[in-house]
Amino acid sequence: MSAATGSNRVIERDLVVIGGGPAGLAAAIAAREAGGDVLLIERDRILGGILNQCIHDGFGLHRFGEALSGPEYAGRFISRLRELDVPVMQNTIVLGLSRDRRLLVSRLGELQEIRARAVILAMGCRERTRGALSIPGHRPSGVYTAGAAQNFVNMENIMPGSRICILGSGDIGLIMARRMTLEGAKVEAVFELLPWSSGLPRNIRQCLVDYGIPLFLSTTVVDIVGMGRLEGVRVAQVDEQRRPVEGTERFVPCDTLLLSVGLIPENELAREAGISLSPITGGALVDADCMTDVPGIFSCGNALHVHDLVDRVSEEAERAGRAAAAYVSGALPKADAPVAVRPGAGVRYVMPDHVSVPKVISGPEKITLAFRVTEPRRDGVVRLTTDDGVVLKEEKHPRLHPAEMVWASLDLSQFEEMKRSGKTLEVSAS
Ligand SMILES: Cc1cc2nc3c(=O)[nH]c(=O)nc-3n(C[C@H](O)[C@H](O)[C@H](O)COP(=O)(O)OP(=O)(O)OC[C@H]3O[C@@H](n4cnc5c(N)ncnc54)[C@H](O)[C@@H]3O)c2cc1C
């Protein structure tokens, strides 16, 4: 952090949570319930994060056994936060974070420094934009990220256009295909570069199939046409190397192109604090307590890795909250020589990156691993193996898909044994 230049007030807190979305809310609640002194900071004027613009249902099926809308799901946590009387600073953005947990915050134009004994990063993620894709063509108006369009429609009551194409089959794009249709727009098609959808199968069914919206796989936008306003896109099929196939190009008229081409964990603050980030997920490398390699700084939710379901975000954040409270009270065992956890064949990444032993006064005697596979498979098998080939767990899955997180757990005692014998753990899928 470039020190708290210009800051005129210094506040001291035990634990500061950055971000008031579902991750920050759950982390703050869990830390408070564990007896910690917590401050929650949110840059927006309201709590709830991205859930505020997700007015469709489908949230909370695992956690509450109900299909809630985003605001309803967030509302349950906000009520609990209020019951616990957790202090919240809204309209407050964290601008800087140092390794020794000094935060530079701006609140209504006033700079403040906050010194914390522990910090939880829960800043969510941002969408990949056109700039990240380098699509050739003009720069007309009418090209938006799907999340920005969702914000226009659901929060501002503004329709971004009437004839829509969507590039990328991530969940936000799928949900927006349905939303725009319900609002009277014509959604021409969704185009996906990969040979499979990057969204949840349930969203393909409920948002495209049910509304007769075609999904073209192995297809991409190769040109954006229009000077003032978008007039259409040229699309082409791609080969196995994802290069456009000559002769397959066609023009699709539309006035709006929505991009749903990936999410990136929001980690400028983590970078500034010198936290090691994963080149695969873009989030911090953490142990099973969600602690980064900077002691006392924890990370959870979409800032850590992009999740498929918010229920899992809440679960992970609660773990971070309990562990951060334990860190502050000195009850979290010091991490030493952790057991490394590595993605093997067929697995893109595994969370956590390593497991510190001894650990877990903050949770059950099981360590849960979350991971994503590299490609869809039917009748798949997931294996948890030590680096000398001993299979610790083997699970059959009728279907494995990169859009869906896979979960598996091992007993803490198995990690203790790996530590004793100096082994690492590998997670693979076939
Ligand atoms: C369009 C869309 C549809 C979805 N649909 C579903 C669904 O149907 N079912 C489901 O289970 N999940 C769904 N999800 C996923 C779910 O919403 C996310 O997993 C969840 O919101 C992630 O929570 P988070 O707290 O990590 O991030 P966010 O909700 O993004 O919250 C992060 C918060 O941090 C704040 N913040 C960021 N930086 C700072 C800073 N520097 N200072 C202060 N505050 C900061 C932000 O303002 C924000 O409030 C959907 C997500 C999207 C985007």
# chains A, B, ... in the order shown; residues from 1 in each chain; ligands from 1

call {"tool": "select_by_dssp", "arguments": {"residues": "stretch 200-371 of chain A", "states": "helix (DSSP H, G or I)", "output": "PyMOL selection string"}}
result
chain A and resi 201-211+268-272+301-303+310-329

call {"tool": "write_last_selection", "arguments": {"atoms": "N, CA, C and O atoms", "output": "short mmCIF file (atom, residue, chain, number, x, y, z; two decimals), in the first residue's frame"}}
result
data_model
loop_
_atom_site.label_atom_id
_atom_site.label_comp_id
_atom_site.auth_asym_id
_atom_site.auth_seq_id
_atom_site.Cartn_x
_atom_site.Cartn_y
_atom_site.Cartn_z
N PRO A 201 -25.52 -27.28 -16.84
CA PRO A 201 -26.53 -27.95 -17.67
C PRO A 201 -27.96 -27.50 -17.35
O PRO A 201 -28.78 -27.34 -18.23
N ARG A 202 -28.23 -27.25 -16.05
CA ARG A 202 -29.61 -26.83 -15.70
C ARG A 202 -29.95 -25.48 -16.35
O ARG A 202 -31.09 -25.22 -16.72
N ASN A 203 -28.95 -24.62 -16.52
CA ASN A 203 -29.21 -23.32 -17.16
C ASN A 203 -29.39 -23.46 -18.67
O ASN A 203 -30.12 -22.69 -19.28
N ILE A 204 -28.70 -24.44 -19.28
CA ILE A 204 -28.92 -24.70 -20.71
C ILE A 204 -30.38 -25.09 -20.93
O ILE A 204 -31.06 -24.57 -21.82
N ARG A 205 -30.85 -25.99 -20.07
CA ARG A 205 -32.25 -26.46 -20.22
C ARG A 205 -33.24 -25.32 -19.97
O ARG A 205 -34.10 -25.03 -20.78
N GLN A 206 -33.06 -24.67 -18.81
CA GLN A 206 -34.09 -23.72 -18.36
C GLN A 206 -34.04 -22.38 -19.10
O GLN A 206 -35.03 -21.66 -19.12
N CYS A 207 -32.87 -22.03 -19.64
CA CYS A 207 -32.74 -20.69 -20.23
C CYS A 207 -32.70 -20.72 -21.75
O CYS A 207 -33.05 -19.73 -22.38
N LEU A 208 -32.24 -21.82 -22.35
CA LEU A 208 -32.17 -21.87 -23.82
C LEU A 208 -33.21 -22.83 -24.37
O LEU A 208 -34.10 -22.43 -25.13
N VAL A 209 -33.12 -24.11 -23.99
CA VAL A 209 -34.00 -25.13 -24.58
C VAL A 209 -35.47 -24.74 -24.38
O VAL A 209 -36.25 -24.75 -25.33
N ASP A 210 -35.83 -24.35 -23.17
CA ASP A 210 -37.23 -24.01 -22.88
C ASP A 210 -37.73 -22.82 -23.70
O ASP A 210 -38.93 -22.61 -23.83
N TYR A 211 -36.83 -22.01 -24.22
CA TYR A 211 -37.24 -20.81 -24.97
C TYR A 211 -36.88 -20.91 -26.45
O TYR A 211 -36.97 -19.92 -27.18
N GLU A 268 -6.75 -7.15 -7.14
CA GLU A 268 -5.74 -6.08 -7.11
C GLU A 268 -5.18 -5.91 -5.71
O GLU A 268 -3.99 -5.69 -5.51
N LEU A 269 -6.06 -6.01 -4.72
CA LEU A 269 -5.61 -5.81 -3.33
C LEU A 269 -4.68 -6.94 -2.90
O LEU A 269 -3.67 -6.71 -2.22
N ALA A 270 -5.03 -8.16 -3.30
CA ALA A 270 -4.19 -9.31 -2.94
C ALA A 270 -2.80 -9.14 -3.55
O ALA A 270 -1.77 -9.39 -2.90
N ARG A 271 -2.79 -8.68 -4.80
CA ARG A 271 -1.51 -8.48 -5.51
C ARG A 271 -0.68 -7.43 -4.76
O ARG A 271 0.52 -7.60 -4.54
N GLU A 272 -1.35 -6.37 -4.38
CA GLU A 272 -0.65 -5.28 -3.70
C GLU A 272 -0.05 -5.74 -2.36
O GLU A 272 1.03 -5.30 -1.97
N GLY A 301 -14.87 -17.05 -1.54
CA GLY A 301 -15.87 -16.66 -2.54
C GLY A 301 -15.25 -16.51 -3.92
O GLY A 301 -14.21 -17.11 -4.22
N ASN A 302 -15.89 -15.69 -4.76
CA ASN A 302 -15.40 -15.57 -6.13
C ASN A 302 -14.08 -14.83 -6.23
O ASN A 302 -13.43 -14.87 -7.27
N ALA A 303 -13.65 -14.16 -5.18
CA ALA A 303 -12.32 -13.56 -5.18
C ALA A 303 -11.25 -14.66 -5.11
O ALA A 303 -10.12 -14.48 -5.56
N VAL A 310 -23.83 -20.43 -5.26
CA VAL A 310 -23.60 -19.50 -4.15
C VAL A 310 -23.60 -20.22 -2.80
O VAL A 310 -22.92 -19.80 -1.86
N ASP A 311 -24.34 -21.33 -2.73
CA ASP A 311 -24.37 -22.11 -1.47
C ASP A 311 -22.95 -22.51 -1.06
O ASP A 311 -22.61 -22.51 0.12
N ARG A 312 -22.16 -22.86 -2.05
CA ARG A 312 -20.77 -23.28 -1.77
C ARG A 312 -19.93 -22.08 -1.38
O ARG A 312 -18.97 -22.20 -0.62
N VAL A 313 -20.26 -20.93 -1.95
CA VAL A 313 -19.56 -19.69 -1.58
C VAL A 313 -19.74 -19.46 -0.08
O VAL A 313 -18.80 -19.20 0.66
N SER A 314 -20.98 -19.59 0.37
CA SER A 314 -21.29 -19.32 1.78
C SER A 314 -20.55 -20.31 2.68
O SER A 314 -19.99 -19.92 3.71
N GLU A 315 -20.55 -21.56 2.27
CA GLU A 315 -19.89 -22.62 3.07
C GLU A 315 -18.39 -22.33 3.22
O GLU A 315 -17.84 -22.38 4.32
N GLU A 316 -17.77 -22.02 2.10
CA GLU A 316 -16.32 -21.75 2.10
C GLU A 316 -16.02 -20.50 2.94
O GLU A 316 -15.06 -20.46 3.72
N ALA A 317 -16.87 -19.48 2.79
CA ALA A 317 -16.64 -18.22 3.50
C ALA A 317 -16.79 -18.41 5.01
O ALA A 317 -16.10 -17.78 5.80
N GLU A 318 -17.70 -19.28 5.39
CA GLU A 318 -17.86 -19.55 6.83
C GLU A 318 -16.58 -20.16 7.40
O GLU A 318 -16.16 -19.85 8.51
N ARG A 319 -15.98 -21.02 6.60
CA ARG A 319 -14.70 -21.65 7.02
C ARG A 319 -13.65 -20.55 7.21
O ARG A 319 -12.93 -20.52 8.19
N ALA A 320 -13.60 -19.63 6.23
CA ALA A 320 -12.63 -18.53 6.31
C ALA A 320 -12.90 -17.68 7.55
O ALA A 320 -11.98 -17.28 8.26
N GLY A 321 -14.18 -17.40 7.79
CA GLY A 321 -14.55 -16.55 8.94
C GLY A 321 -14.15 -17.17 10.27
O GLY A 321 -13.57 -16.50 11.13
N ARG A 322 -14.44 -18.46 10.42
CA ARG A 322 -14.09 -19.15 11.68
C ARG A 322 -12.58 -19.17 11.87
O ARG A 322 -12.06 -18.93 12.96
N ALA A 323 -11.87 -19.45 10.77
CA ALA A 323 -10.40 -19.56 10.86
C ALA A 323 -9.78 -18.19 11.16
O ALA A 323 -8.85 -18.09 11.97
N ALA A 324 -10.32 -17.13 10.55
CA ALA A 324 -9.76 -15.79 10.79
C ALA A 324 -9.99 -15.38 12.24
O ALA A 324 -9.11 -14.78 12.88
N ALA A 325 -11.16 -15.72 12.78
CA ALA A 325 -11.44 -15.40 14.19
C ALA A 325 -10.45 -16.17 15.08
O ALA A 325 -9.94 -15.63 16.07
N ALA A 326 -10.19 -17.42 14.72
CA ALA A 326 -9.24 -18.23 15.50
C ALA A 326 -7.83 -17.66 15.38
O ALA A 326 -7.06 -17.65 16.35
N TYR A 327 -7.50 -17.16 14.20
CA TYR A 327 -6.17 -16.54 14.01
C TYR A 327 -6.01 -15.35 14.95
O TYR A 327 -4.98 -15.20 15.62
N VAL A 328 -7.04 -14.52 15.02
CA VAL A 328 -6.98 -13.32 15.86
C VAL A 328 -6.82 -13.70 17.33
O VAL A 328 -6.05 -13.08 18.07
N SER A 329 -7.54 -14.75 17.75
CA SER A 329 -7.47 -15.12 19.17
C SER A 329 -6.25 -15.99 19.47
O SER A 329 -6.05 -16.40 20.61
#

call {"tool": "residues_near_ligand", "arguments": {"ligand": "ligand 1", "cutoff": "7 Å", "atoms": "only C-alpha atoms and all ligand atoms", "output": "MDAnalysis selection string"}}
result
chainID A and resid 18:24 41:44 47:51 54 56:60 92:95 122:125 147 150 171:172 175 266 300:303 306:311 313

call {"tool": "atom_distance", "arguments": {"atom1": "atom CA of A:Arg399", "atom2": "atom CA of A:Val347"}}
result
14.1 Å

call {"tool": "select_by_dssp", "arguments": {"residues": "stretch 125-310 of chain A", "states": "strand (DSSP E)", "output": "PDB file with N, CA and C atoms, in the first residue's frame"}}
result
ATOM      1  N   CYS A 125     -15.716 -11.128  -8.228  1.00  0.00           N
ATOM      2  CA  CYS A 125     -14.962 -11.222  -9.482  1.00  0.00           C
ATOM      3  C   CYS A 125     -15.501 -10.202 -10.475  1.00  0.00           C
ATOM      4  N   ARG A 126     -14.794 -10.047 -11.581  1.00  0.00           N
ATOM      5  CA  ARG A 126     -15.295  -9.155 -12.637  1.00  0.00           C
ATOM      6  C   ARG A 126     -15.370  -9.938 -13.949  1.00  0.00           C
ATOM      7  N   GLU A 127     -16.118  -9.356 -14.895  1.00  0.00           N
ATOM      8  CA  GLU A 127     -16.311 -10.065 -16.170  1.00  0.00           C
ATOM      9  C   GLU A 127     -15.213  -9.725 -17.159  1.00  0.00           C
ATOM     10  N   VAL A 143     -22.402  -3.282 -27.527  1.00  0.00           N
ATOM     11  CA  VAL A 143     -21.630  -4.455 -27.074  1.00  0.00           C
ATOM     12  C   VAL A 143     -21.439  -4.318 -25.560  1.00  0.00           C
ATOM     13  N   TYR A 144     -21.995  -5.255 -24.814  1.00  0.00           N
ATOM     14  CA  TYR A 144     -21.951  -5.182 -23.348  1.00  0.00           C
ATOM     15  C   TYR A 144     -21.533  -6.528 -22.776  1.00  0.00           C
ATOM     16  N   THR A 145     -21.020  -6.503 -21.561  1.00  0.00           N
ATOM     17  CA  THR A 145     -20.888  -7.792 -20.869  1.00  0.00           C
ATOM     18  C   THR A 145     -22.296  -8.183 -20.412  1.00  0.00           C
ATOM     19  N   ARG A 163     -32.594  -6.956 -30.509  1.00  0.00           N
ATOM     20  CA  ARG A 163     -32.224  -8.149 -31.291  1.00  0.00           C
ATOM     21  C   ARG A 163     -30.825  -8.553 -30.821  1.00  0.00           C
ATOM     22  N   ILE A 164     -30.756  -9.686 -30.143  1.00  0.00           N
ATOM     23  CA  ILE A 164     -29.568  -9.963 -29.330  1.00  0.00           C
ATOM     24  C   ILE A 164     -28.806 -11.197 -29.825  1.00  0.00           C
ATOM     25  N   CYS A 165     -27.490 -11.100 -29.836  1.00  0.00           N
ATOM     26  CA  CYS A 165     -26.628 -12.282 -29.949  1.00  0.00           C
ATOM     27  C   CYS A 165     -25.800 -12.372 -28.675  1.00  0.00           C
ATOM     28  N   ILE A 166     -25.472 -13.573 -28.297  1.00  0.00           N
ATOM     29  CA  ILE A 166     -24.679 -13.755 -27.080  1.00  0.00           C
ATOM     30  C   ILE A 166     -23.437 -14.567 -27.424  1.00  0.00           C
ATOM     31  N   LEU A 167     -22.284 -14.047 -27.041  1.00  0.00           N
ATOM     32  CA  LEU A 167     -21.034 -14.786 -27.249  1.00  0.00           C
ATOM     33  C   LEU A 167     -20.594 -15.360 -25.909  1.00  0.00           C
ATOM     34  N   LYS A 186     -35.621 -10.320 -29.095  1.00  0.00           N
ATOM     35  CA  LYS A 186     -35.428 -11.559 -29.858  1.00  0.00           C
ATOM     36  C   LYS A 186     -33.974 -11.979 -29.669  1.00  0.00           C
ATOM     37  N   VAL A 187     -33.774 -13.111 -29.026  1.00  0.00           N
ATOM     38  CA  VAL A 187     -32.398 -13.604 -28.852  1.00  0.00           C
ATOM     39  C   VAL A 187     -32.112 -14.558 -30.009  1.00  0.00           C
ATOM     40  N   GLU A 188     -31.218 -14.118 -30.900  1.00  0.00           N
ATOM     41  CA  GLU A 188     -30.952 -14.892 -32.121  1.00  0.00           C
ATOM     42  C   GLU A 188     -30.250 -16.207 -31.816  1.00  0.00           C
ATOM     43  N   ALA A 189     -29.209 -16.141 -30.975  1.00  0.00           N
ATOM     44  CA  ALA A 189     -28.445 -17.365 -30.710  1.00  0.00           C
ATOM     45  C   ALA A 189     -27.377 -17.097 -29.657  1.00  0.00           C
ATOM     46  N   VAL A 190     -26.880 -18.190 -29.094  1.00  0.00           N
ATOM     47  CA  VAL A 190     -25.695 -18.133 -28.238  1.00  0.00           C
ATOM     48  C   VAL A 190     -24.576 -18.863 -28.990  1.00  0.00           C
ATOM     49  N   PHE A 191     -23.400 -18.231 -29.069  1.00  0.00           N
ATOM     50  CA  PHE A 191     -22.263 -18.834 -29.770  1.00  0.00           C
ATOM     51  C   PHE A 191     -21.175 -19.163 -28.748  1.00  0.00           C
ATOM     52  N   LEU A 215     -28.085 -22.857 -29.481  1.00  0.00           N
ATOM     53  CA  LEU A 215     -26.705 -22.750 -28.976  1.00  0.00           C
ATOM     54  C   LEU A 215     -25.799 -23.365 -30.028  1.00  0.00           C
ATOM     55  N   PHE A 216     -24.871 -22.572 -30.572  1.00  0.00           N
ATOM     56  CA  PHE A 216     -23.927 -23.083 -31.565  1.00  0.00           C
ATOM     57  C   PHE A 216     -22.574 -23.279 -30.892  1.00  0.00           C
ATOM     58  N   THR A 219     -18.122 -22.338 -32.185  1.00  0.00           N
ATOM     59  CA  THR A 219     -18.444 -21.198 -33.065  1.00  0.00           C
ATOM     60  C   THR A 219     -18.066 -19.913 -32.341  1.00  0.00           C
ATOM     61  N   THR A 220     -17.528 -18.950 -33.095  1.00  0.00           N
ATOM     62  CA  THR A 220     -17.182 -17.692 -32.438  1.00  0.00           C
ATOM     63  C   THR A 220     -17.516 -16.487 -33.314  1.00  0.00           C
ATOM     64  N   VAL A 221     -17.456 -15.316 -32.709  1.00  0.00           N
ATOM     65  CA  VAL A 221     -17.660 -14.070 -33.448  1.00  0.00           C
ATOM     66  C   VAL A 221     -16.309 -13.656 -34.025  1.00  0.00           C
ATOM     67  N   VAL A 222     -16.252 -13.468 -35.352  1.00  0.00           N
ATOM     68  CA  VAL A 222     -14.978 -13.087 -35.973  1.00  0.00           C
ATOM     69  C   VAL A 222     -14.973 -11.624 -36.418  1.00  0.00           C
ATOM     70  N   ASP A 223     -16.122 -10.981 -36.392  1.00  0.00           N
ATOM     71  CA  ASP A 223     -16.153  -9.571 -36.794  1.00  0.00           C
ATOM     72  C   ASP A 223     -17.372  -8.887 -36.176  1.00  0.00           C
ATOM     73  N   ILE A 224     -17.153  -7.668 -35.745  1.00  0.00           N
ATOM     74  CA  ILE A 224     -18.251  -6.871 -35.189  1.00  0.00           C
ATOM     75  C   ILE A 224     -18.550  -5.773 -36.205  1.00  0.00           C
ATOM     76  N   VAL A 225     -19.783  -5.706 -36.686  1.00  0.00           N
ATOM     77  CA  VAL A 225     -20.114  -4.831 -37.816  1.00  0.00           C
ATOM     78  C   VAL A 225     -21.057  -3.713 -37.362  1.00  0.00           C
ATOM     79  N   GLY A 232     -24.638  -6.033 -36.662  1.00  0.00           N
ATOM     80  CA  GLY A 232     -24.625  -7.489 -36.707  1.00  0.00           C
ATOM     81  C   GLY A 232     -23.240  -8.024 -36.420  1.00  0.00           C
ATOM     82  N   VAL A 233     -23.152  -9.349 -36.337  1.00  0.00           N
ATOM     83  CA  VAL A 233     -21.837  -9.978 -36.100  1.00  0.00           C
ATOM     84  C   VAL A 233     -21.613 -11.037 -37.170  1.00  0.00           C
ATOM     85  N   ARG A 234     -20.346 -11.199 -37.546  1.00  0.00           N
ATOM     86  CA  ARG A 234     -19.999 -12.310 -38.423  1.00  0.00           C
ATOM     87  C   ARG A 234     -19.491 -13.428 -37.523  1.00  0.00           C
ATOM     88  N   VAL A 235     -20.061 -14.622 -37.698  1.00  0.00           N
ATOM     89  CA  VAL A 235     -19.636 -15.744 -36.868  1.00  0.00           C
ATOM     90  C   VAL A 235     -19.059 -16.831 -37.772  1.00  0.00           C
ATOM     91  N   ALA A 236     -18.211 -17.674 -37.205  1.00  0.00           N
ATOM     92  CA  ALA A 236     -17.631 -18.784 -37.966  1.00  0.00           C
ATOM     93  C   ALA A 236     -17.417 -19.960 -37.035  1.00  0.00           C
ATOM     94  N   GLN A 237     -17.464 -21.160 -37.612  1.00  0.00           N
ATOM     95  CA  GLN A 237     -17.121 -22.345 -36.822  1.00  0.00           C
ATOM     96  C   GLN A 237     -15.619 -22.361 -36.597  1.00  0.00           C
ATOM     97  N   ARG A 250     -20.722 -16.574 -41.489  1.00  0.00           N
ATOM     98  CA  ARG A 250     -22.052 -16.047 -41.861  1.00  0.00           C
ATOM     99  C   ARG A 250     -22.342 -14.804 -41.035  1.00  0.00           C
ATOM    100  N   PHE A 251     -23.243 -13.979 -41.589  1.00  0.00           N
ATOM    101  CA  PHE A 251     -23.583 -12.715 -40.925  1.00  0.00           C
ATOM    102  C   PHE A 251     -24.895 -12.891 -40.151  1.00  0.00           C
ATOM    103  N   VAL A 252     -24.907 -12.466 -38.900  1.00  0.00           N
ATOM    104  CA  VAL A 252     -26.138 -12.534 -38.101  1.00  0.00           C
ATOM    105  C   VAL A 252     -26.514 -11.100 -37.700  1.00  0.00           C
ATOM    106  N   PRO A 253     -27.617 -10.573 -38.234  1.00  0.00           N
ATOM    107  CA  PRO A 253     -28.006  -9.205 -37.868  1.00  0.00           C
ATOM    108  C   PRO A 253     -28.421  -9.140 -36.396  1.00  0.00           C
ATOM    109  N   THR A 256     -27.432  -5.848 -30.581  1.00  0.00           N
ATOM    110  CA  THR A 256     -26.772  -5.981 -29.277  1.00  0.00           C
ATOM    111  C   THR A 256     -25.990  -7.286 -29.217  1.00  0.00           C
ATOM    112  N   LEU A 257     -24.765  -7.184 -28.725  1.00  0.00           N
ATOM    113  CA  LEU A 257     -23.959  -8.392 -28.494  1.00  0.00           C
ATOM    114  C   LEU A 257     -23.622  -8.435 -27.011  1.00  0.00           C
ATOM    115  N   LEU A 258     -24.023  -9.527 -26.365  1.00  0.00           N
ATOM    116  CA  LEU A 258     -23.686  -9.693 -24.950  1.00  0.00           C
ATOM    117  C   LEU A 258     -22.524 -10.678 -24.832  1.00  0.00           C
ATOM    118  N   LEU A 259     -21.556 -10.331 -24.013  1.00  0.00           N
ATOM    119  CA  LEU A 259     -20.376 -11.184 -23.829  1.00  0.00           C
ATOM    120  C   LEU A 259     -20.479 -11.918 -22.500  1.00  0.00           C
ATOM    121  N   LEU A 263     -15.113 -15.049 -16.042  1.00  0.00           N
ATOM    122  CA  LEU A 263     -15.026 -14.176 -14.870  1.00  0.00           C
ATOM    123  C   LEU A 263     -13.617 -14.257 -14.310  1.00  0.00           C
ATOM    124  N   ILE A 264     -13.160 -13.143 -13.774  1.00  0.00           N
ATOM    125  CA  ILE A 264     -11.796 -13.094 -13.244  1.00  0.00           C
ATOM    126  C   ILE A 264     -11.860 -12.642 -11.784  1.00  0.00           C
ATOM    127  N   PRO A 265     -11.302 -13.429 -10.843  1.00  0.00           N
ATOM    128  CA  PRO A 265     -11.305 -12.980  -9.449  1.00  0.00           C
ATOM    129  C   PRO A 265     -10.716 -11.577  -9.303  1.00  0.00           C
ATOM    130  N   ILE A 297      -4.081 -13.048   6.374  1.00  0.00           N
ATOM    131  CA  ILE A 297      -4.965 -12.608   5.278  1.00  0.00           C
ATOM    132  C   ILE A 297      -5.602 -13.851   4.641  1.00  0.00           C
ATOM    133  N   PHE A 298      -6.920 -13.856   4.620  1.00  0.00           N
ATOM    134  CA  PHE A 298      -7.708 -14.987   4.145  1.00  0.00           C
ATOM    135  C   PHE A 298      -8.460 -14.570   2.875  1.00  0.00           C
ATOM    136  N   SER A 299      -8.897 -15.545   2.090  1.00  0.00           N
ATOM    137  CA  SER A 299      -9.635 -15.219   0.871  1.00  0.00           C
ATOM    138  C   SER A 299     -10.752 -16.240   0.679  1.00  0.00           C
TER     139      SER A 299
END

call {"tool": "residues_around", "arguments": {"residues": "A:Val38", "least_positions_apart": "3", "cutoff": "8 Å", "atoms": "only C-alpha atoms", "output": "list of chain:residue names"}}
result
A:Arg13, A:Asp14, A:Leu15, A:Val16, A:Val17, A:Ala28, A:Ala31, A:Arg32, A:Val86, A:Pro87

call {"tool": "write_last_selection", "arguments": {"atoms": "all heavy atoms", "output": "CSV table (one decimal), in the first residue's frame"}}
result
chain,number,residue,atom,x,y,z
A,13,ARG,N,-8.9,-2.5,14.2
A,13,ARG,CA,-9.9,-3.6,14.3
A,13,ARG,C,-9.2,-4.9,14.4
A,13,ARG,O,-8.1,-5.1,13.9
A,13,ARG,CB,-10.8,-3.6,13.1
A,13,ARG,CG,-11.6,-2.3,12.8
A,13,ARG,CD,-12.4,-1.8,14.0
A,13,ARG,NE,-13.5,-2.7,14.3
A,13,ARG,CZ,-14.8,-2.3,14.6
A,13,ARG,NH1,-15.0,-1.0,14.5
A,13,ARG,NH2,-15.7,-3.1,14.9
A,14,ASP,N,-9.9,-5.9,15.0
A,14,ASP,CA,-9.4,-7.2,15.0
A,14,ASP,C,-9.4,-7.8,13.6
A,14,ASP,O,-8.5,-8.3,13.1
A,14,ASP,CB,-10.2,-8.1,16.0
A,14,ASP,CG,-9.7,-8.0,17.4
A,14,ASP,OD1,-8.7,-7.2,17.6
A,14,ASP,OD2,-10.4,-8.5,18.3
A,15,LEU,N,-10.7,-7.8,13.1
A,15,LEU,CA,-10.9,-8.5,11.8
A,15,LEU,C,-11.7,-7.7,10.8
A,15,LEU,O,-12.8,-7.2,11.2
A,15,LEU,CB,-11.6,-9.8,12.1
A,15,LEU,CG,-12.1,-10.7,10.9
A,15,LEU,CD1,-11.0,-11.0,9.9
A,15,LEU,CD2,-12.7,-12.0,11.4
A,16,VAL,N,-11.1,-7.5,9.6
A,16,VAL,CA,-11.9,-6.7,8.6
A,16,VAL,C,-12.2,-7.6,7.4
A,16,VAL,O,-11.3,-8.3,6.9
A,16,VAL,CB,-11.0,-5.5,8.1
A,16,VAL,CG1,-11.7,-4.8,7.0
A,16,VAL,CG2,-10.8,-4.5,9.3
A,17,VAL,N,-13.5,-7.6,7.0
A,17,VAL,CA,-13.9,-8.4,5.9
A,17,VAL,C,-14.1,-7.3,4.7
A,17,VAL,O,-14.9,-6.4,4.9
A,17,VAL,CB,-15.2,-9.1,6.1
A,17,VAL,CG1,-15.7,-9.9,4.9
A,17,VAL,CG2,-15.0,-10.1,7.3
A,28,ALA,N,-18.3,-12.8,7.7
A,28,ALA,CA,-18.4,-11.9,8.8
A,28,ALA,C,-19.3,-12.5,9.9
A,28,ALA,O,-19.0,-12.5,11.1
A,28,ALA,CB,-19.0,-10.6,8.4
A,31,ALA,N,-17.4,-15.4,11.7
A,31,ALA,CA,-16.3,-14.9,12.6
A,31,ALA,C,-17.0,-14.3,13.8
A,31,ALA,O,-16.5,-14.5,14.9
A,31,ALA,CB,-15.5,-13.8,11.8
A,32,ARG,N,-18.1,-13.6,13.6
A,32,ARG,CA,-18.8,-12.9,14.8
A,32,ARG,C,-19.3,-14.0,15.7
A,32,ARG,O,-19.2,-13.9,16.9
A,32,ARG,CB,-19.9,-12.1,14.3
A,32,ARG,CG,-20.6,-11.3,15.3
A,32,ARG,CD,-19.8,-10.0,15.7
A,32,ARG,NE,-20.2,-9.5,17.0
A,32,ARG,CZ,-19.7,-9.8,18.2
A,32,ARG,NH1,-18.7,-10.7,18.3
A,32,ARG,NH2,-20.2,-9.3,19.3
A,86,VAL,N,-23.2,-6.7,13.7
A,86,VAL,CA,-21.8,-6.6,13.1
A,86,VAL,C,-21.7,-5.2,12.5
A,86,VAL,O,-22.6,-4.8,11.7
A,86,VAL,CB,-21.6,-7.7,12.0
A,86,VAL,CG1,-20.3,-7.5,11.3
A,86,VAL,CG2,-21.6,-9.1,12.6
A,87,PRO,N,-20.7,-4.4,12.9
A,87,PRO,CA,-20.6,-3.1,12.2
A,87,PRO,C,-20.3,-3.2,10.7
A,87,PRO,O,-19.5,-4.0,10.3
A,87,PRO,CB,-19.4,-2.4,13.0
A,87,PRO,CG,-19.0,-3.4,14.0
A,87,PRO,CD,-19.7,-4.7,13.8

call {"tool": "closest_residue", "arguments": {"among": "A:Met176, A:Leu230, A:Val391, A:Met418", "to": "A:Asn154", "atoms": "only C-alpha atoms"}}
result
A:Met176

call {"tool": "atom_distance", "arguments": {"atom1": "atom CA of A:Val238", "atom2": "atom CA of A:Leu174"}}
result
20.9 Å

call {"tool": "atom_distance", "arguments": {"atom1": "atom CA of A:Ala116", "atom2": "atom CA of A:Ile275"}}
result
16.4 Å

call {"tool": "residues_around", "arguments": {"residues": "A:Glu192", "least_positions_apart": "3", "cutoff": "6 Å", "atoms": "only C-alpha atoms", "output": "ChimeraX atom specification"}}
result
/A:168-169,217-219

call {"tool": "closest_residue", "arguments": {"among": "A:Lys334, A:His401, A:Arg342, A:Arg378", "to": "A:Ser356", "atoms": "only C-alpha atoms"}}
result
A:Lys334

call {"tool": "residues_around", "arguments": {"residues": "A:Arg377", "least_positions_apart": "4", "cutoff": "9 Å", "atoms": "only C-alpha atoms", "output": "list of chain:residue names"}}
result
A:Val373, A:His397, A:Pro398, A:Arg399, A:Leu400, A:His401, A:Ser430
